[in-house]
There are 2 protein chains.
Amino acid sequence: MALWAVIMAGGSGTRFWPASRVARPKQLLPLAEPNRSLLASTVARLHPLVPAERIVVVTAAKLADATRDELPDVPSENVLAEPAPRNTAPCIGWASRVIGARDPDSTIAVLPSDHHVADAAGFRAAIEKAAAASQHRAIVTIGIKPTRPDTGYGYIEVGAKIDGDASEVVRFVEKPDLARAKEFVASGRFLWNGGMFFFRAQHMDRAIQAHMPGLAADLDRMCTGRASDVENIFPELESKSIDYGVIEPTSKENGKLAVVAGDFGWSDVGSWESAWELAHKDESGNALPEGAVAVDARGNLARTSSKKVVALVGVNDLVVVETEDALLVMPRSRAQDVRAVVDALKSSGKTDKI
Amino acid sequence: MALWAVIMAGGSGTRFWPASRVARPKQLLPLAEPNRSLLASTVARLHPLVPAERIVVVTAAKLADATRDELPDVPSENVLAEPAPRNTAPCIGWASRVIGARDPDSTIAVLPSDHHVADAAGFRAAIEKAAAASQHRAIVTIGIKPTRPDTGYGYIEVGAKIDGDASEVVRFVEKPDLARAKEFVASGRFLWNGGMFFFRAQHMDRAIQAHMPGLAADLDRMCTGRASDVENIFPELESKSIDYGVIEPTSKENGKLAVVAGDFGWSDVGSWESAWELAHKDESGNALPEGAVAVDARGNLARTSSKKVVALVGVNDLVVVETEDALLVMPRSRAQDVRAVVDALKSSGKTDKI
């Protein structure tokens with residue numbers, strides 16, 4: 001079994017406005033490491049476990065060029081461009097077919113493109129365990145050991161050990177409230193759902209066949225016809241997440257779904273607050289561009305798109321982000337409210353700014 | 001007596017960094033009115049009392065072109081360029097000689113170039129009173145009715161009424177501490193020193209002759225020789241302020257100095273805090289560029305040099321100033337600390353940023 005990776009890089013979000021834009025979403029930004037996008041880091045941390053030739057990146061058609069530019073080592077034909085967004089089930093189904101056609105005995109790791117991992121070796125070790133476990137299961141996921149009762153993540157309840165490093169999945173729980181999140185963490189039985197899935201290409205084909213037969217039929221048509229059929233058929237595929245379409249029904253079949261626990265300094269880089277947490281900071285807790293001047297200022301994150309000198313005087317815990325056409329100032333604690341700005345720009349017709 | 005004005009526009013300060021720069025100091029910036037510099041407003045508010053032909057502007061040689069560009073109605077030869085900064089006594093002495101040579105019977109109003117006046121008609125009325133009073137006095141000043149115990153201003157203690165609207169000056173007091181400033185304001189006997197002086201050209205010549213005879217002799221040489229003598233002689237003139245060199249000694253001669261009270265919405269526009277006070281603000285107390293987005297943000301001043309969209313989320317009472325090569329964020333209450341930034345830039349050798 002050769003291990004392949006499918007990196008889902010079609011995301012477009014507003015949480016990193018104004019740095020992230022429709023044409024330059026989060027995964028293409030250097031939010032965790034200097035001068036390297038989250039996507040490029042995702043590919044780099046797979047080395048040498050999964051070589052670039054066995055990495056398939058699925059992205060939106062309008063991001064395909066930028067994605068290929070960002071990943072010079074990944075073969076151009078390995079970047080799959082979705083003609084329209086159809087959620088994750090069609091994305092993963094398509095990628096599995098493409099890989100299965102090239103390497104019928106392949107095992108596939110599906111990974112998000114916009115997360116950060118501090119311990120890449122630990123990450124690869126967890127992937128190896130999950131890939132091994134997936135040989136005898138339909139689908140294996142990696143659950144991340146929670147470090148705090150975060151209400152922004154999904155949780156996985158872990159059941160009995162089954163074999164090796166894998167355990168049964170009791171259930172998936174969507175973002176809980178704080179009280180439940182605290183219970184979950186205290187119990188020691190819950191892991192964060194990091195959105196990583198491992199399976200043999202053949203197993204995924206079978207699971208889609210079983211739980212989304214319409215999608216399976218459409219993929220048959222799309223992947224056996226002419227290349228241009230993707231243009232015509234993909235936009236018509238059933239838009240559903242892999243979680244609801246395949247994982248959840250699979251979890252109801254005893255023993256088919258397994259989870260491997262991982263602990264490798266994971267972050268979903270969910271907001272400017274996360275970017276500050278991950279950034280290299282000076283002794284005052286400031287993460288500032290080179291040459292910045294901080295006078296009696298602590299805990300700030302500042303970014304500019306230019307060689308501009310940034311000066312902060314007497315301000316604490318702020319996020320200051322300047323791009324070519326926008327400037328954002330807010331407390332780090334309000335990072336979730338960036339979307340209110342994007343909404344305001346949208347409703348005032350300034351769509352060129354978002 | 002024709003009334004002339006001398007506008008002192010050689011200032012260079014750091015309090016409006018990063019908008020103010022060595023090559024573009026405060027008086028050339030639109031800090032109080034949209035799209036009009038403080039200097040241009042100063043000239044405009046003299047109309048029709050003092051026409052542009054009778055306005056002389058003294059500035060630094062390196063600012064002469066920018067100053068002429070800013071004041072298209074003022075004749076080019078009325079902009080006097082100091083080859084080197086020599087404080088206000090040489091500046092006023094020179095301008096008086098230039099005006100006296102053209103109009104020996106002239107009366108002169110010396111005015112700062114970088115203050116704001118809300119009530120221009122009231123300002124002109126006060127000037128007329130001061131100019132009238134100066135016919136029988138050596139020097140007349142306008143004292144501004146204080147509205148708060150400001151420790152940033154000089155104060156004038158007002159004595160007995162002498163004639164018309166003028167009163168004796170008991171003494172000048174430099175920036176007092178808060179307790180004294182409160183006393184001054186409570187007493188009703190003190191006015192703010194707004195740095196405005198009124199005199200007949202002949203009187204100023206005589207006062208300089210009496211109190212700064214060296215300067216008087218040098219001005220004789222400079223103003224009767226060839227034009228290029230300014231280049232050679234001006235840099236050698238005695239560097240002293242008009243206050244210490246002429247006003248203070250004059251104040252010791254009974255009845256020679258007088259003060260006229262004025263109340264016309266004056267501000268010295270001393271810091272970004274003042275700029276916020278003077279700015280047009282929305283119902284949340286924000287003074288922001290057009291198209292800005294404010295979410296749960298109050299009392300902020302923001303300026304950009306570009307068409308950038310500014311977004312403020314959850315921040316209050318901040319100053320945010322962005323120029324082509326710098327970005328400043330600080331609380332309005334820390335406006336005086338801008339100089340710490342300029343000092344830091346200076347000591348790290350970034351003189352191109354100041």
# chains A, B, ... in the order shown; residues from 1 in each chain; ligands from 1

call {"tool": "interface_residues", "arguments": {"of": "chain B", "to": "chain A", "cutoff": "6 Å", "atoms": "only C-alpha atoms", "output": "VMD selection string"}}
result
chain B and resid 308 to 315 325 to 330

call {"tool": "residues_around", "arguments": {"residues": "Asp165 of chain A", "least_positions_apart": "5", "cutoff": "9 Å", "atoms": "only C-alpha atoms", "output": "PyMOL selection string"}}
result
chain A and resi 129-130+133+259-261

call {"tool": "write_last_selection", "arguments": {"atoms": "N, CA and C atoms", "output": "PDB file, in the first residue's frame"}}
result
ATOM      1  N   LYS A 129       0.363   5.567  11.908  1.00  0.00           N
ATOM      2  CA  LYS A 129      -0.527   4.702  12.704  1.00  0.00           C
ATOM      3  C   LYS A 129      -1.927   4.652  12.098  1.00  0.00           C
ATOM      4  N   ALA A 130      -2.441   5.816  11.711  1.00  0.00           N
ATOM      5  CA  ALA A 130      -3.799   5.871  11.163  1.00  0.00           C
ATOM      6  C   ALA A 130      -3.866   5.128   9.829  1.00  0.00           C
ATOM      7  N   ALA A 133      -3.876   1.463  10.566  1.00  0.00           N
ATOM      8  CA  ALA A 133      -5.186   1.040  11.082  1.00  0.00           C
ATOM      9  C   ALA A 133      -6.227   0.993   9.975  1.00  0.00           C
ATOM     10  N   VAL A 259     -10.516   5.534  15.465  1.00  0.00           N
ATOM     11  CA  VAL A 259      -9.814   6.791  15.722  1.00  0.00           C
ATOM     12  C   VAL A 259      -8.452   6.479  16.341  1.00  0.00           C
ATOM     13  N   VAL A 260      -7.460   7.256  15.921  1.00  0.00           N
ATOM     14  CA  VAL A 260      -6.114   7.169  16.484  1.00  0.00           C
ATOM     15  C   VAL A 260      -5.849   8.508  17.160  1.00  0.00           C
ATOM     16  N   ALA A 261      -5.374   8.460  18.389  1.00  0.00           N
ATOM     17  CA  ALA A 261      -5.118   9.719  19.097  1.00  0.00           C
ATOM     18  C   ALA A 261      -3.781  10.312  18.663  1.00  0.00           C
TER      19      ALA A 261
END

call {"tool": "atom_distance", "arguments": {"atom1": "atom CA of Pro83 of chain A", "atom2": "atom CA of Ala61 of chain A"}}
result
5.4 Å

call {"tool": "atom_distance", "arguments": {"atom1": "atom CA of Ile127 of chain A", "atom2": "atom CA of Cys223 of chain A"}}
result
28.0 Å

call {"tool": "select_by_dssp", "arguments": {"residues": "segment 79-321 of chain B", "states": "strand (DSSP E or B)", "output": "MDAnalysis selection string"}}
result
chainID B and resid 79:82 107:112 116:117 139:144 155:163 166:173 190:200 257:262 266:267 287 293:295 298 301:304 309:313 316 318:321

call {"tool": "residues_around", "arguments": {"residues": "Pro104 of chain B", "least_positions_apart": "2", "cutoff": "12 Å", "atoms": "only C-alpha atoms", "output": "PDB file with N, CA and C atoms, in the first residue's frame"}}
result
ATOM      1  N   MET B   1      -2.893 103.932   8.337  1.00  0.00           N
ATOM      2  CA  MET B   1      -2.132 102.716   8.626  1.00  0.00           C
ATOM      3  C   MET B   1      -2.735 101.512   7.908  1.00  0.00           C
ATOM      4  N   ALA B   2      -1.985 100.912   7.001  1.00  0.00           N
ATOM      5  CA  ALA B   2      -2.465  99.673   6.371  1.00  0.00           C
ATOM      6  C   ALA B   2      -2.029  98.497   7.240  1.00  0.00           C
ATOM      7  N   LEU B   3      -2.947  97.562   7.412  1.00  0.00           N
ATOM      8  CA  LEU B   3      -2.626  96.392   8.245  1.00  0.00           C
ATOM      9  C   LEU B   3      -2.025  95.279   7.384  1.00  0.00           C
ATOM     10  N   TRP B   4      -0.865  94.837   7.787  1.00  0.00           N
ATOM     11  CA  TRP B   4      -0.173  93.714   7.154  1.00  0.00           C
ATOM     12  C   TRP B   4      -0.153  92.531   8.129  1.00  0.00           C
ATOM     13  N   SER B  96       9.511  92.679   9.414  1.00  0.00           N
ATOM     14  CA  SER B  96       9.138  94.074   9.683  1.00  0.00           C
ATOM     15  C   SER B  96       9.905  95.017   8.769  1.00  0.00           C
ATOM     16  N   ARG B  97      11.190  94.715   8.578  1.00  0.00           N
ATOM     17  CA  ARG B  97      11.993  95.562   7.690  1.00  0.00           C
ATOM     18  C   ARG B  97      11.474  95.501   6.260  1.00  0.00           C
ATOM     19  N   VAL B  98      11.143  94.292   5.806  1.00  0.00           N
ATOM     20  CA  VAL B  98      10.658  94.124   4.427  1.00  0.00           C
ATOM     21  C   VAL B  98       9.358  94.900   4.230  1.00  0.00           C
ATOM     22  N   ILE B  99       8.450  94.776   5.209  1.00  0.00           N
ATOM     23  CA  ILE B  99       7.162  95.473   5.091  1.00  0.00           C
ATOM     24  C   ILE B  99       7.367  96.981   5.245  1.00  0.00           C
ATOM     25  N   GLY B 100       8.192  97.357   6.243  1.00  0.00           N
ATOM     26  CA  GLY B 100       8.446  98.792   6.478  1.00  0.00           C
ATOM     27  C   GLY B 100       9.039  99.462   5.249  1.00  0.00           C
ATOM     28  N   ALA B 101       9.866  98.739   4.484  1.00  0.00           N
ATOM     29  CA  ALA B 101      10.467  99.318   3.281  1.00  0.00           C
ATOM     30  C   ALA B 101       9.409  99.568   2.209  1.00  0.00           C
ATOM     31  N   ARG B 102       8.387  98.695   2.183  1.00  0.00           N
ATOM     32  CA  ARG B 102       7.348  98.866   1.163  1.00  0.00           C
ATOM     33  C   ARG B 102       6.278  99.859   1.606  1.00  0.00           C
ATOM     34  N   SER B 106       3.084 101.142   7.972  1.00  0.00           N
ATOM     35  CA  SER B 106       2.300  99.919   8.153  1.00  0.00           C
ATOM     36  C   SER B 106       2.160  99.512   9.618  1.00  0.00           C
ATOM     37  N   THR B 107       1.063  98.811   9.881  1.00  0.00           N
ATOM     38  CA  THR B 107       0.865  98.111  11.151  1.00  0.00           C
ATOM     39  C   THR B 107       0.914  96.621  10.821  1.00  0.00           C
ATOM     40  N   ILE B 108       1.522  95.861  11.731  1.00  0.00           N
ATOM     41  CA  ILE B 108       1.781  94.450  11.422  1.00  0.00           C
ATOM     42  C   ILE B 108       1.149  93.537  12.473  1.00  0.00           C
ATOM     43  N   ARG B 200       3.293  98.643  15.107  1.00  0.00           N
ATOM     44  CA  ARG B 200       3.647  99.396  13.910  1.00  0.00           C
ATOM     45  C   ARG B 200       5.073  98.986  13.537  1.00  0.00           C
ATOM     46  N   ALA B 201       5.351  98.903  12.266  1.00  0.00           N
ATOM     47  CA  ALA B 201       6.689  98.480  11.815  1.00  0.00           C
ATOM     48  C   ALA B 201       7.761  99.362  12.460  1.00  0.00           C
ATOM     49  N   GLN B 202       7.487 100.647  12.524  1.00  0.00           N
ATOM     50  CA  GLN B 202       8.456 101.575  13.125  1.00  0.00           C
ATOM     51  C   GLN B 202       8.693 101.256  14.602  1.00  0.00           C
ATOM     52  N   HIS B 203       7.617 100.905  15.318  1.00  0.00           N
ATOM     53  CA  HIS B 203       7.752 100.580  16.746  1.00  0.00           C
ATOM     54  C   HIS B 203       8.632  99.347  16.934  1.00  0.00           C
ATOM     55  N   MET B 204       8.428  98.335  16.097  1.00  0.00           N
ATOM     56  CA  MET B 204       9.226  97.115  16.247  1.00  0.00           C
ATOM     57  C   MET B 204      10.694  97.419  15.949  1.00  0.00           C
ATOM     58  N   ASP B 205      10.944  98.207  14.923  1.00  0.00           N
ATOM     59  CA  ASP B 205      12.327  98.604  14.633  1.00  0.00           C
ATOM     60  C   ASP B 205      12.959  99.246  15.868  1.00  0.00           C
TER      61      ASP B 205
END

call {"tool": "atom_distance", "arguments": {"atom1": "atom CA of Glu290 of chain B", "atom2": "atom CA of Leu278 of chain B"}}
result
17.0 Å

call {"tool": "residues_around", "arguments": {"residues": "Val79 of chain B", "least_positions_apart": "6", "cutoff": "10 Å", "atoms": "only C-alpha atoms", "output": "number ranges by chain"}}
result
B: 6-7, 9, 55-61, 64-65, 67-68, 71, 95

call {"tool": "closest_residue", "arguments": {"among": "A:Ile247, A:Ala217, A:Ile208, A:Ala279", "to": "Ile233 of chain A", "atoms": "only C-alpha atoms"}}
result
A:Ala217

call {"tool": "residues_around", "arguments": {"residues": "Pro213 of chain B", "least_positions_apart": "4", "cutoff": "12 Å", "atoms": "only C-alpha atoms", "output": "list in words"}}
result
Ala89, Pro90, Gly93, Asp205, Arg206, Ala207, Ile208, Gln209, Ala217, Asp218, Leu219, Asp220, Leu237, Glu238, Gly245 and Val246 of chain B

call {"tool": "select_by_dssp", "arguments": {"residues": "segment 39-269 of chain A", "states": "helix (DSSP H, G or I)", "output": "JSON, numbers by chain"}}
result
{"A": [39, 40, 41, 42, 43, 44, 45, 46, 52, 53, 54, 61, 62, 63, 64, 65, 66, 67, 68, 69, 70, 76, 77, 78, 88, 89, 90, 91, 92, 93, 94, 95, 96, 97, 98, 99, 100, 101, 102, 120, 121, 122, 123, 124, 125, 126, 127, 128, 129, 130, 131, 132, 133, 134, 135, 136, 178, 179, 180, 181, 182, 183, 184, 185, 186, 187, 201, 202, 203, 204, 205, 206, 207, 208, 209, 210, 211, 213, 214, 215, 216, 217, 218, 219, 220, 221, 222, 223, 224, 229, 230, 231, 232, 233, 234, 235, 236, 242, 243, 244, 245, 246, 247, 248, 249, 250, 251]}

call {"tool": "closest_residue", "arguments": {"among": "A:Leu39, A:Leu257, A:Leu46, A:Val269", "to": "Ser134 of chain A", "atoms": "only C-alpha atoms"}}
result
A:Leu257

call {"tool": "residues_around", "arguments": {"residues": "segment 19-34 of chain A", "least_positions_apart": "5", "cutoff": "6 Å", "atoms": "only C-alpha atoms", "output": "list in words"}}
result
Ser12, Leu39, Ser113, Asp114, Ala275, Leu278 and Ile354 of chain A

call {"tool": "residues_around", "arguments": {"residues": "Trp266 of chain B", "least_positions_apart": "2", "cutoff": "10 Å", "atoms": "only C-alpha atoms", "output": "list of chain:residue names"}}
result
B:His115, B:His116, B:Val117, B:Ala118, B:Asp119, B:Ala120, B:Phe123, B:Ile144, B:Lys145, B:Pro146, B:Thr147, B:Trp192, B:Gly194, B:Gly262, B:Asp263, B:Phe264, B:Asp268, B:Val269
